[in-house]
Each structure stands twice: as structure tokens, then as C-alpha cells.
file start.csv (CSV, C-alpha atoms and all ligand atoms)
chain,number,residue,atom,x,y,z
O,147,MET,CA,19.4,3.6,-11.8
O,148,SER,CA,19.3,6.6,-14.1
O,149,PRO,CA,15.9,8.1,-14.8
O,150,ASP,CA,16.7,8.5,-18.4
O,151,ALA,CA,17.3,4.8,-18.9
O,152,ALA,CA,17.0,3.9,-22.6
O,153,VAL,CA,14.1,1.5,-22.2
O,154,PRO,CA,10.4,2.4,-21.6
O,155,VAL,CA,9.0,1.0,-18.3
O,156,HIS,CA,5.3,0.7,-17.8
O,157,ASP,CA,3.3,-0.1,-14.7
O,158,ASN,CA,0.0,-1.5,-15.8
O,159,HIS,CA,-2.0,-1.0,-12.6
O,160,PHE,CA,-1.3,2.1,-10.7
O,161,HIS,CA,-3.7,4.0,-8.4
O,162,CYS,CA,-2.8,7.5,-7.5
O,163,LYS,CA,-5.0,10.1,-5.9
O,164,PRO,CA,-4.4,13.7,-5.1
O,165,ASP,CA,-5.3,13.2,-1.5
O,166,GLY,CA,-3.5,9.9,-1.2
O,167,TRP,CA,-0.5,8.9,0.9
O,168,LYS,CA,2.1,10.3,-1.5
O,169,GLY,CA,-0.2,11.7,-4.2
O,170,LEU,CA,1.7,12.9,-7.2
O,171,ASP,CA,5.0,12.1,-5.5
O,172,ALA,CA,4.2,8.4,-6.0
O,173,VAL,CA,4.5,9.0,-9.7
O,174,ARG,CA,7.7,11.1,-9.2
O,175,GLU,CA,9.3,8.2,-7.3
O,176,PHE,CA,8.2,5.8,-10.1
O,177,GLN,CA,9.7,8.2,-12.6
O,178,ALA,CA,12.9,8.7,-10.6
O,179,ALA,CA,13.4,4.9,-10.6
O,180,GLY,CA,13.1,4.8,-14.4
O,181,GLY,CA,9.4,4.5,-14.9
O,182,THR,CA,7.9,6.1,-18.1
O,183,SER,CA,4.2,5.2,-18.3
O,184,ILE,CA,1.3,4.0,-16.2
O,185,ALA,CA,-2.2,2.7,-16.6
O,186,HIS,CA,-3.9,5.0,-14.1
O,187,VAL,CA,-6.9,3.2,-12.7
O,188,ARG,CA,-9.9,4.8,-11.0
O,189,LEU,CA,-10.4,3.8,-7.3
O,190,PRO,CA,-13.9,2.7,-6.1
O,191,ALA,CA,-15.9,5.5,-4.6
O,192,TYR,CA,-19.1,3.6,-3.7
O,193,VAL,CA,-21.3,6.3,-5.1
O,194,ARG,CA,-25.0,5.6,-5.6
O,195,THR,CA,-25.9,7.4,-8.8
O,196,VAL,CA,-24.6,7.3,-12.3
O,197,GLU,CA,-24.1,11.1,-12.2
O,198,ASP,CA,-21.9,10.8,-9.1
O,199,PHE,CA,-20.0,8.0,-10.8
O,200,GLU,CA,-19.3,10.3,-13.8
O,201,ARG,CA,-18.1,13.0,-11.5
O,202,THR,CA,-15.5,10.6,-9.9
O,203,CYS,CA,-14.4,9.5,-13.4
O,204,ARG,CA,-14.0,13.1,-14.5
O,205,ASP,CA,-11.9,13.9,-11.3
O,206,HIS,CA,-9.8,10.8,-12.1
O,207,VAL,CA,-9.3,12.0,-15.7
O,208,ALA,CA,-8.4,15.5,-14.5
O,209,PHE,CA,-5.8,14.1,-12.1
O,210,GLY,CA,-4.3,11.9,-14.9
O,211,ARG,CA,-3.9,15.1,-17.0
O,212,ARG,CA,-2.2,16.8,-14.1
O,213,ILE,CA,0.2,13.9,-13.6
O,214,ARG,CA,1.1,14.1,-17.4
O,215,GLU,CA,1.6,17.9,-17.2
O,216,GLU,CA,3.6,18.0,-14.0
O,217,THR,CA,5.8,14.9,-14.6
O,218,GLY,CA,5.8,14.1,-18.3
O,219,VAL,CA,5.0,10.5,-17.4
O,220,THR,CA,2.7,8.9,-20.0
O,221,VAL,CA,-0.7,8.3,-18.4
O,222,TRP,CA,-3.3,6.0,-19.9
O,223,THR,CA,-6.6,6.4,-18.0
O,224,ALA,CA,-8.9,3.5,-17.0
O,225,VAL,CA,-12.4,4.1,-15.7
O,226,GLY,CA,-15.3,1.7,-14.9
O,227,PRO,CA,-17.5,0.5,-12.2
O,228,TYR,CA,-15.4,-1.5,-9.7
O,229,PRO,CA,-17.3,-4.8,-9.2
O,230,LEU,CA,-17.9,-4.2,-5.5
O,231,GLU,CA,-19.7,-0.9,-6.2
O,232,PRO,CA,-22.9,-2.4,-7.7
O,233,LEU,CA,-22.6,-5.3,-5.2
O,234,LYS,CA,-22.8,-2.8,-2.3
O,235,LEU,CA,-25.6,-0.9,-3.9
O,236,ALA,CA,-27.6,-4.1,-4.3
O,237,GLU,CA,-27.4,-4.7,-0.5
O,238,THR,CA,-29.8,-1.8,0.0
O,239,GLU,CA,-31.5,-1.2,-3.3
O,240,GLY,CA,-31.7,-4.7,-4.7
O,241,TRP,CA,-30.1,-6.1,-7.8
O,242,ASP,CA,-32.4,-4.6,-10.5
O,243,ALA,CA,-31.4,-1.1,-9.3
O,244,ALA,CA,-27.7,-2.1,-8.9
O,245,GLU,CA,-27.7,-3.5,-12.4
O,246,ASP,CA,-29.2,-0.4,-13.9
O,247,PHE,CA,-26.6,1.7,-12.0
O,248,ALA,CA,-23.7,-0.4,-13.2
O,249,ARG,CA,-24.9,-0.4,-16.9
O,250,GLY,CA,-25.2,3.3,-16.7
O,251,CYS,CA,-21.6,3.4,-15.3
O,252,PHE,CA,-20.3,1.3,-18.1
O,253,ASP,CA,-22.1,3.7,-20.6
O,254,VAL,CA,-20.3,6.6,-19.0
O,255,ALA,CA,-17.0,4.9,-19.1
O,256,ALA,CA,-17.5,4.0,-22.8
O,257,ARG,CA,-18.4,7.6,-23.5
O,258,LEU,CA,-15.3,9.0,-21.8
O,259,CYS,CA,-13.2,6.5,-23.9
O,260,GLU,CA,-15.0,7.6,-27.0
O,261,GLU,CA,-14.2,11.2,-26.2
O,262,GLY,CA,-10.6,10.3,-25.8
O,263,LEU,CA,-10.5,11.2,-22.1
O,264,ALA,CA,-10.0,7.5,-21.1
O,265,HIS,CA,-8.3,4.6,-22.8
O,266,CYS,CA,-9.6,1.5,-21.0
O,267,ILE,CA,-12.7,0.3,-19.2
O,268,GLY,CA,-11.4,-1.0,-15.9
O,269,GLU,CA,-11.1,-2.2,-13.4
O,270,VAL,CA,-14.3,-4.1,-13.9
O,271,GLY,CA,-15.3,-7.8,-13.4
O,272,ARG,CA,-16.6,-9.6,-10.5
O,273,PRO,CA,-16.0,-9.9,-6.7
O,274,HIS,CA,-12.7,-11.5,-5.6
O,275,PHE,CA,-14.5,-13.4,-2.8
O,276,GLU,CA,-17.4,-15.8,-2.7
O,277,VAL,CA,-20.8,-14.2,-3.1
O,278,ASP,CA,-24.3,-15.7,-3.5
O,279,SER,CA,-25.4,-17.1,-6.9
O,280,GLU,CA,-27.5,-14.0,-7.8
O,281,ALA,CA,-24.6,-11.6,-7.2
O,282,TRP,CA,-22.4,-13.9,-9.2
O,283,ALA,CA,-24.8,-14.2,-12.1
O,284,ARG,CA,-25.5,-10.4,-12.2
O,285,SER,CA,-21.8,-9.6,-12.0
O,286,ASN,CA,-21.0,-11.9,-14.9
O,287,ALA,CA,-23.9,-10.4,-17.0
O,288,LEU,CA,-22.6,-6.9,-16.2
O,289,LEU,CA,-19.1,-7.8,-17.2
O,290,GLU,CA,-20.3,-9.2,-20.5
O,291,TYR,CA,-22.2,-5.9,-21.0
O,292,GLY,CA,-19.1,-3.9,-20.3
O,293,MET,CA,-17.1,-6.0,-22.7
O,294,GLY,CA,-19.6,-5.2,-25.4
O,295,ARG,CA,-19.3,-1.5,-24.6
O,296,ALA,CA,-15.5,-1.8,-24.9
O,297,ARG,CA,-16.0,-3.4,-28.3
O,298,ASP,CA,-18.3,-0.6,-29.3
O,299,VAL,CA,-15.8,2.1,-28.5
O,300,GLY,CA,-12.6,0.3,-29.5
O,301,VAL,CA,-10.9,0.0,-26.1
O,302,PRO,CA,-9.7,-2.9,-23.9
O,303,VAL,CA,-11.1,-3.9,-20.6
O,304,MET,CA,-9.1,-4.5,-17.4
O,305,LEU,CA,-10.4,-7.3,-15.3
O,306,HIS,CA,-10.6,-7.4,-11.5
O,307,THR,CA,-11.7,-10.9,-10.5
O,308,GLU,CA,-11.1,-13.7,-8.0
O,309,HIS,CA,-7.8,-15.6,-8.2
O,310,THR,CA,-7.4,-16.7,-11.7
O,311,GLU,CA,-6.1,-19.9,-13.2
O,312,PRO,CA,-6.2,-21.0,-16.9
O,313,THR,CA,-9.8,-22.2,-16.3
O,314,GLN,CA,-11.0,-18.7,-15.5
O,315,MET,CA,-8.9,-17.2,-18.4
O,316,ALA,CA,-10.8,-19.6,-20.7
O,317,GLU,CA,-14.1,-18.5,-19.1
O,318,PHE,CA,-13.4,-14.8,-19.6
O,319,GLY,CA,-12.2,-15.6,-23.2
O,320,ALA,CA,-15.6,-17.2,-24.0
O,321,MET,CA,-17.3,-14.2,-22.4
O,322,ALA,CA,-15.4,-11.8,-24.7
O,323,ASP,CA,-16.3,-14.0,-27.7
O,324,ARG,CA,-20.0,-13.7,-26.9
O,325,ALA,CA,-19.6,-9.9,-26.4
O,326,GLY,CA,-17.7,-9.6,-29.7
O,327,LEU,CA,-14.6,-8.3,-28.0
O,328,ALA,CA,-11.3,-9.6,-29.3
O,329,ARG,CA,-9.6,-11.7,-26.6
O,330,ASP,CA,-6.4,-9.7,-26.8
O,331,ARG,CA,-8.5,-6.7,-25.7
O,332,VAL,CA,-9.0,-8.3,-22.3
O,333,ILE,CA,-6.4,-7.6,-19.7
O,334,LYS,CA,-6.3,-9.7,-16.6
O,335,HIS,CA,-5.2,-7.5,-13.7
O,336,TYR,CA,-3.4,-9.0,-10.8
O,337,CYS,CA,-2.4,-12.1,-12.8
O,338,GLY,CA,0.1,-14.8,-12.1
O,339,PRO,CA,2.6,-15.6,-14.9
O,340,LEU,CA,-0.1,-17.2,-17.1
O,341,VAL,CA,1.8,-16.4,-20.3
O,342,ARG,CA,1.7,-19.6,-22.4
O,343,ASP,CA,-1.1,-20.0,-24.9
O,344,PRO,CA,-2.9,-22.8,-22.9
O,345,GLU,CA,-2.7,-20.6,-19.8
O,346,HIS,CA,-3.8,-17.2,-21.1
O,347,HIS,CA,-6.4,-18.4,-23.7
O,348,GLY,CA,-5.8,-15.3,-25.8
O,349,LEU,CA,-6.1,-12.8,-22.9
O,350,VAL,CA,-3.3,-10.4,-21.9
O,351,PRO,CA,-1.9,-11.1,-18.5
O,352,SER,CA,-0.9,-8.1,-16.4
O,353,VAL,CA,1.6,-9.9,-14.1
O,354,ILE,CA,2.3,-8.8,-10.5
O,355,ALA,CA,5.9,-7.6,-10.5
O,356,GLY,CA,7.5,-10.0,-8.0
O,357,ARG,CA,10.9,-11.3,-9.1
O,358,SER,CA,9.9,-14.9,-9.4
O,359,ASN,CA,6.7,-14.0,-11.3
O,360,ILE,CA,8.8,-12.0,-13.8
O,361,ARG,CA,11.3,-14.8,-14.2
O,362,LYS,CA,8.5,-17.3,-14.9
O,363,ALA,CA,6.8,-15.0,-17.3
O,364,LEU,CA,10.0,-14.4,-19.3
O,365,ALA,CA,10.7,-18.2,-19.4
O,366,GLY,CA,7.2,-18.9,-20.6
O,367,SER,CA,7.0,-16.0,-23.0
O,368,PRO,CA,10.5,-15.0,-24.2
O,369,GLU,CA,8.9,-12.6,-26.7
O,370,GLY,CA,7.4,-10.7,-23.8
O,371,ARG,CA,3.6,-11.1,-24.3
O,372,PHE,CA,2.5,-9.7,-21.0
O,373,LEU,CA,2.5,-6.5,-18.9
O,374,LEU,CA,3.8,-5.8,-15.4
O,375,GLU,CA,2.0,-4.1,-12.6
O,376,THR,CA,2.2,-3.2,-8.9
O,377,ASP,CA,-1.4,-2.5,-8.0
O,378,TYR,CA,0.0,0.4,-6.0
O,379,ILE,CA,-2.9,2.0,-4.2
O,380,ASP,CA,-1.4,5.1,-2.5
O,381,GLU,CA,-3.4,4.4,0.7
O,382,PRO,CA,-2.2,6.3,3.8
O,383,THR,CA,-3.5,3.8,6.2
O,384,ARG,CA,-2.1,0.8,4.3
O,385,PRO,CA,1.2,2.0,2.9
O,386,ASN,CA,2.7,-0.5,0.4
O,387,VAL,CA,-0.1,-2.9,1.0
O,388,VAL,CA,0.5,-4.4,-2.4
O,389,MET,CA,3.9,-3.1,-3.7
O,390,PRO,CA,5.8,0.1,-3.6
O,391,CYS,CA,5.3,2.6,-6.4
O,392,ASP,CA,8.8,2.1,-7.9
O,393,THR,CA,8.7,-1.7,-8.0
O,394,VAL,CA,8.3,-2.1,-11.8
O,395,PRO,CA,11.2,0.1,-12.8
O,396,LYS,CA,13.4,-1.4,-10.1
O,397,ARG,CA,12.7,-4.9,-11.2
O,398,VAL,CA,12.9,-4.3,-14.9
O,399,LEU,CA,16.2,-2.4,-14.7
O,400,GLY,CA,17.6,-4.8,-12.1
O,401,LEU,CA,16.9,-7.8,-14.3
O,402,MET,CA,18.3,-6.1,-17.3
O,403,GLN,CA,21.5,-5.4,-15.4
O,404,ASN,CA,21.8,-9.1,-14.5
O,405,GLY,CA,21.2,-10.0,-18.1
O,406,GLU,CA,18.0,-11.8,-17.3
O,407,LEU,CA,15.8,-9.4,-19.3
O,408,SER,CA,16.8,-8.3,-22.8
O,409,GLU,CA,16.3,-4.8,-24.3
O,410,GLN,CA,13.9,-6.4,-26.8
O,411,GLN,CA,11.8,-7.9,-24.0
O,412,ALA,CA,11.8,-4.6,-22.1
O,413,TRP,CA,10.4,-2.8,-25.2
O,414,SER,CA,7.7,-5.5,-25.7
O,415,ILE,CA,6.5,-5.3,-22.1
O,416,GLY,CA,7.1,-1.6,-21.5
O,417,SER,CA,6.0,0.0,-24.8
O,418,GLU,CA,4.7,-2.3,-27.5
O,419,TRP,CA,1.9,-4.0,-25.5
O,420,PRO,CA,0.8,-0.9,-23.7
O,421,LYS,CA,0.5,1.0,-27.0
O,422,ARG,CA,-1.2,-1.9,-28.7
O,423,LEU,CA,-3.8,-1.9,-26.0
O,424,TYR,CA,-4.3,1.8,-25.2
O,425,GLY,CA,-3.1,3.6,-28.3
O,426,PRO,CA,-0.4,6.2,-28.7
O,427,ALA,CA,0.6,8.2,-25.6
O,428,PRO,CA,-2.1,10.8,-24.9
O,429,GLY,CA,-0.9,14.1,-26.2
O,430,GLU,CA,1.2,12.4,-29.0
O,431,ALA,CA,0.1,12.7,-32.6
T,501,ZN,ZN,-6.8,-1.8,-8.6
call {"tool": "encode", "arguments": {"input": "start.csv", "output": "C-alpha cells", "more": "lines below"}}
Ligand SMILES: [Zn+2]
result
Amino acid sequence: MSPDAAVPVHDNHFHCKPDGWKGLDAVREFQAAGGTSIAHVRLPAYVRTVEDFERTCRDHVAFGRRIREETGVTVWTAVGPYPLEPLKLAETEGWDAAEDFARGCFDVAARLCEEGLAHCIGEVGRPHFEVDSEAWARSNALLEYGMGRARDVGVPVMLHTEHTEPTQMAEFGAMADRAGLARDRVIKHYCGPLVRDPEHHGLVPSVIAGRSNIRKALAGSPEGRFLLETDYIDEPTRPNVVMPCDTVPKRVLGLMQNGELSEQQAWSIGSEWPKRLYGPAPGEA
């Protein structure tokens, strides 16, 4: 498929690191397949201080800028404490210290968004596996705090959580209400095709880009009220553990060729929703 295809193609959860498996070439492959923009999400680093967290965020911001400059791909940057970072700190330091740490990390993420260096607080949320009741309660309290900071600085949050059904979407919606964050500023990463009103409860599903998921999402939301993602992690020891880096453009352009996805839907998924969430492409007026 031609790299200068007429439609914008966005991967809403893309990890790419300079010392990764493919590094910048992952973005080049995405672009060669027709990709035009990514949400570039910070990877966990399991640092132990807020200062070190900020350093990892600034490295991530800098690499995003390099991707933009060297490829021309639009990069929206997401930074925030990955839920397992405070969880791990709590194992040795206890939850009071871990909660202070995570709040400090949310404050750093909010500041970077305020400065225009990042565009989303993510991926944040709670562990994707069962934890004790204290870890669960603390993680929920932290997420609500993070949602409040996102509201303060006018950016969305991107949620990393356990497997999510409409019940959890309703729960996160209520949490956003309490934090004063509009529900359509809450992106559910690694989401199934929960695209109907009673399924998404106002949140924005970032749907894993498998063919059947996309078909279900289009059937449930013909107007294209969702995003697509790979969760590509660029991990040398686990290549393609989630999906190859060029999956979203391959799927989108393939389904368009079959007539299963219209140009209008492609624009909604690939440009309108990303811009509504993150703002204009960095570097654009
Ligand atoms: Zn991720």
C-alpha cells in the first residue's frame, strides 16, 4: 500500500524506544505501511524517586521529538506513572511512600502537559492482575488523583487496567465524574470493541486492531467513535508480543480496499478523534 495514502492512520498505543528491538525503524515501518500518527506512550522504568521519573519522561519526550524530526510522523506524547511502578515501590517502602511517589509522578506528568511537551497522562490506572485490597484501593485513589490533574491541565488520560467490560467502563466513568474530568477525556487502552453507548459509558475505547475487533467496532459505531491501537512494545526479547508495528495501517487500508471501512470512518478514527483528544499535531499552528 502506498505510503502517501489519502487517509490519516493513527496508532493510539505505540511504545518505541531508542535502544529497543527496532527503535526508530519501527516507526519507519509503520509509516511505510501508511501510518501517519502515533500516541507514543512511556514505558515503565521502575524508578524510585520523582526526580528519576521526570528524567525518564524527559527522555521519552526527547525521543518523541526525534521521531517527529526524522520521520515526519505526528507524535503525541503520553507520560504518567505506570500502575505497577508504585505497586513495586510499595513492596519495599510501604504504600504511604508509594502513594507520595505516584502523586509526585502525576504532578510531573501534568506539568509536562502544561508545558506542551506531552499531550496525555498515560498509561495510568491499576494493575491488570489481582492484588490485595490495599493495593487496589490505593491504585484507585491514585487514578482519581491523576484524572483530577488531567482536568487541571486540559489533557486526556489513557487507562491501563484489568480486562474491561461495560461494568468497569461505568466504574471509570463515575471516577472521572468525581474528579471533574469529562468522560470523553478518558481513553481505555487495550479495549475490546465496546463502542456502543451502554458499553463505553462515555469513555473513548482504544480498540486492539485485530480484524474481528475492527469489524465489530465499525458495526457498533458506524460513525467511528473509537481509536485503534497495537500496543506495540519494541521489545527485543519479545518481538511482536502484542502486534507488529505496522498492523494498524495494514488493517485500515486493507479494510478500505475491501470496502469494509469508508473514507469517512477512516478520518474519524485516524484524525478527528486523535485531534479532539490530544490537540493539533505538535509543531502545527
Ligand atoms: Zn502500553
call {"tool": "closest_residue", "arguments": {"input": "start.csv", "among": "O:Tyr378, O:Phe247, O:Phe176, O:Trp167", "to": "ligand ZN 501 (chain T)", "atoms": "all atoms listed in the file"}}
result
O:Tyr378
call {"tool": "residues_near_ligand", "arguments": {"input": "start.csv", "ligand": "ligand ZN 501 (chain T)", "cutoff": "8 Å", "atoms": "only C-alpha atoms and all ligand atoms", "output": "VMD selection string"}}
result
chain O and resid 159 to 161 187 to 189 269 306 335 377 to 379
call {"tool": "atom_distance", "arguments": {"input": "start.csv", "atom1": "CA of Val153 (chain O)", "atom2": "CA of Tyr336 (chain O)"}}
result
23.4 Å
call {"tool": "atom_distance", "arguments": {"input": "start.csv", "atom1": "CA of Glu418 (chain O)", "atom2": "CA of Val350 (chain O)"}}
result
12.7 Å
call {"tool": "atom_distance", "arguments": {"input": "start.csv", "atom1": "CA of Gly181 (chain O)", "atom2": "CA of Gln410 (chain O)"}}
result
16.8 Å
call {"tool": "residues_near_point", "arguments": {"input": "start.csv", "point": "(-3.5, 9.1, -4.7)", "cutoff": "12 Å", "atoms": "only C-alpha atoms", "output": "ChimeraX atom specification"}}
result
/O:160-173,186-189,205-206,209-210,213,378-382,385,391
call {"tool": "residues_around", "arguments": {"input": "start.csv", "residues": "region 285-297 of chain O", "least_positions_apart": "4", "cutoff": "9 Å", "atoms": "all atoms listed in the file", "output": "VMD selection string"}}
result
chain O and resid 226 229 232 to 233 245 248 to 249 252 to 253 255 to 256 259 266 to 267 270 to 273 280 to 281 301 to 303 305 318 321 to 322 324 to 328 331 to 332
call {"tool": "residues_around", "arguments": {"input": "start.csv", "residues": "Ser414 (chain O)", "least_positions_apart": "5", "cutoff": "12 Å", "atoms": "only C-alpha atoms", "output": "list in words"}}
result
Val153, Pro154, Val155, His156, Leu364, Ser367, Pro368, Glu369, Gly370, Arg371, Phe372, Leu373, Leu374, Leu407, Ser408, Glu409, Trp419, Pro420, Lys421 and Arg422 of chain O
call {"tool": "closest_residue", "arguments": {"input": "start.csv", "among": "O:Ile360, O:Glu231, O:Arg194, O:Ala264", "to": "Ala208 (chain O)", "atoms": "all atoms listed in the file"}}
result
O:Ala264
call {"tool": "closest_residue", "arguments": {"input": "start.csv", "among": "O:Arg284, O:His274, O:Lys396, O:His265", "to": "Thr376 (chain O)", "atoms": "all atoms listed in the file"}}
result
O:Lys396
call {"tool": "closest_residue", "arguments": {"input": "start.csv", "among": "O:Met315, O:Leu423, O:Leu263, O:Val299", "to": "Arg211 (chain O)", "atoms": "all atoms listed in the file"}}
result
O:Leu263
call {"tool": "axis_aligned_box", "arguments": {"input": "start.csv", "around": "region 414-429 of chain O", "padding_each_side": "6 Å", "output": "JSON"}}
result
{"center_x": 1.7, "center_y": 4.3, "center_z": -25.1, "size_x": 24.0, "size_y": 31.6, "size_z": 19.2}
call {"tool": "residues_around", "arguments": {"input": "start.csv", "residues": "Val254 (chain O)", "least_positions_apart": "4", "cutoff": "7 Å", "atoms": "only C-alpha atoms", "output": "PyMOL selection string"}}
result
chain O and resi 200+250+258
call {"tool": "residues_around", "arguments": {"input": "start.csv", "residues": "Pro339 (chain O)", "least_positions_apart": "5", "cutoff": "12 Å", "atoms": "all atoms listed in the file", "output": "PyMOL selection string"}}
result
chain O and resi 310-312+334+345-346+350-367+370-375
call {"tool": "closest_residue", "arguments": {"input": "start.csv", "among": "O:Val394, O:Asp246, O:Asn404, O:Gly268", "to": "Val196 (chain O)", "atoms": "all atoms listed in the file"}}
result
O:Asp246
call {"tool": "closest_residue", "arguments": {"input": "start.csv", "among": "O:Cys203, O:Met402, O:Ala185, O:Ala191", "to": "Val221 (chain O)", "atoms": "all atoms listed in the file"}}
result
O:Ala185
call {"tool": "decode", "arguments": {"input": "start.csv", "residues": "region 298-308 of chain O", "atoms": "all heavy atoms", "output": "mmCIF file, in the first residue's frame"}}
result
data_model
loop_
_atom_site.group_PDB
_atom_site.id
_atom_site.type_symbol
_atom_site.label_atom_id
_atom_site.label_comp_id
_atom_site.auth_asym_id
_atom_site.auth_seq_id
_atom_site.Cartn_x
_atom_site.Cartn_y
_atom_site.Cartn_z
ATOM 1 N N ASP O 298 -7.115 19.482 35.423
ATOM 2 C CA ASP O 298 -6.438 20.757 35.717
ATOM 3 C C ASP O 298 -5.693 21.308 34.503
ATOM 4 O O ASP O 298 -5.664 22.508 34.293
ATOM 5 C CB ASP O 298 -5.395 20.588 36.842
ATOM 6 C CG ASP O 298 -6.025 20.262 38.186
ATOM 7 O OD1 ASP O 298 -7.250 20.492 38.350
ATOM 8 O OD2 ASP O 298 -5.289 19.757 39.076
ATOM 9 N N VAL O 299 -5.058 20.396 33.756
ATOM 10 C CA VAL O 299 -4.192 20.882 32.673
ATOM 11 C C VAL O 299 -4.800 20.652 31.286
ATOM 12 O O VAL O 299 -4.144 20.916 30.272
ATOM 13 C CB VAL O 299 -2.770 20.266 32.763
ATOM 14 C CG1 VAL O 299 -2.100 20.687 34.074
ATOM 15 C CG2 VAL O 299 -2.797 18.752 32.645
ATOM 16 N N GLY O 300 -6.038 20.158 31.263
ATOM 17 C CA GLY O 300 -6.759 20.074 29.994
ATOM 18 C C GLY O 300 -6.292 18.991 29.029
ATOM 19 O O GLY O 300 -6.323 19.176 27.817
ATOM 20 N N VAL O 301 -5.855 17.845 29.584
ATOM 21 C CA VAL O 301 -5.466 16.730 28.708
ATOM 22 C C VAL O 301 -6.276 15.476 29.057
ATOM 23 O O VAL O 301 -6.869 15.402 30.133
ATOM 24 C CB VAL O 301 -3.944 16.405 28.828
ATOM 25 C CG1 VAL O 301 -3.098 17.594 28.384
ATOM 26 C CG2 VAL O 301 -3.593 15.961 30.243
ATOM 27 N N PRO O 302 -6.287 14.496 28.162
ATOM 28 C CA PRO O 302 -6.962 13.232 28.486
ATOM 29 C C PRO O 302 -6.067 12.306 29.310
ATOM 30 O O PRO O 302 -4.863 12.561 29.441
ATOM 31 C CB PRO O 302 -7.233 12.621 27.104
ATOM 32 C CG PRO O 302 -6.186 13.191 26.208
ATOM 33 C CD PRO O 302 -5.793 14.535 26.771
ATOM 34 N N VAL O 303 -6.669 11.270 29.875
ATOM 35 C CA VAL O 303 -5.883 10.194 30.491
ATOM 36 C C VAL O 303 -6.047 8.937 29.637
ATOM 37 O O VAL O 303 -7.082 8.733 29.012
ATOM 38 C CB VAL O 303 -6.333 9.847 31.944
ATOM 39 C CG1 VAL O 303 -6.044 10.991 32.888
ATOM 40 C CG2 VAL O 303 -7.787 9.431 32.024
ATOM 41 N N MET O 304 -4.994 8.116 29.627
ATOM 42 C CA MET O 304 -5.059 6.823 28.936
ATOM 43 C C MET O 304 -4.933 5.722 29.977
ATOM 44 O O MET O 304 -3.934 5.646 30.687
ATOM 45 C CB MET O 304 -3.926 6.727 27.910
ATOM 46 C CG MET O 304 -3.851 5.382 27.246
ATOM 47 S SD MET O 304 -3.950 5.369 25.449
ATOM 48 C CE MET O 304 -2.659 6.439 24.916
ATOM 49 N N LEU O 305 -5.986 4.901 30.064
ATOM 50 C CA LEU O 305 -6.072 3.907 31.134
ATOM 51 C C LEU O 305 -5.458 2.564 30.784
ATOM 52 O O LEU O 305 -5.780 1.964 29.760
ATOM 53 C CB LEU O 305 -7.537 3.637 31.484
ATOM 54 C CG LEU O 305 -8.382 4.783 32.022
ATOM 55 C CD1 LEU O 305 -9.740 4.240 32.455
ATOM 56 C CD2 LEU O 305 -7.682 5.473 33.175
ATOM 57 N N HIS O 306 -4.622 2.073 31.698
ATOM 58 C CA HIS O 306 -4.137 0.692 31.693
ATOM 59 C C HIS O 306 -4.810 0.024 32.892
ATOM 60 O O HIS O 306 -4.614 0.451 34.030
ATOM 61 C CB HIS O 306 -2.612 0.656 31.860
ATOM 62 C CG HIS O 306 -2.073 -0.709 32.131
ATOM 63 N ND1 HIS O 306 -1.409 -1.453 31.191
ATOM 64 C CD2 HIS O 306 -2.120 -1.493 33.249
ATOM 65 C CE1 HIS O 306 -1.069 -2.626 31.714
ATOM 66 N NE2 HIS O 306 -1.490 -2.671 32.968
ATOM 67 N N THR O 307 -5.583 -1.014 32.655
ATOM 68 C CA THR O 307 -6.322 -1.659 33.746
ATOM 69 C C THR O 307 -6.441 -3.163 33.483
ATOM 70 O O THR O 307 -5.906 -3.667 32.494
ATOM 71 C CB THR O 307 -7.770 -1.113 33.851
ATOM 72 O OG1 THR O 307 -8.512 -1.562 32.713
ATOM 73 C CG2 THR O 307 -7.801 0.407 33.906
ATOM 74 N N GLU O 308 -7.174 -3.823 34.353
ATOM 75 C CA GLU O 308 -7.535 -5.222 34.112
ATOM 76 C C GLU O 308 -8.466 -5.299 32.906
ATOM 77 O O GLU O 308 -8.945 -4.267 32.431
ATOM 78 C CB GLU O 308 -8.225 -5.804 35.368
ATOM 79 C CG GLU O 308 -9.706 -5.415 35.561
ATOM 80 C CD GLU O 308 -9.910 -4.036 36.193
ATOM 81 O OE1 GLU O 308 -8.988 -3.196 36.157
ATOM 82 O OE2 GLU O 308 -11.033 -3.805 36.703
#
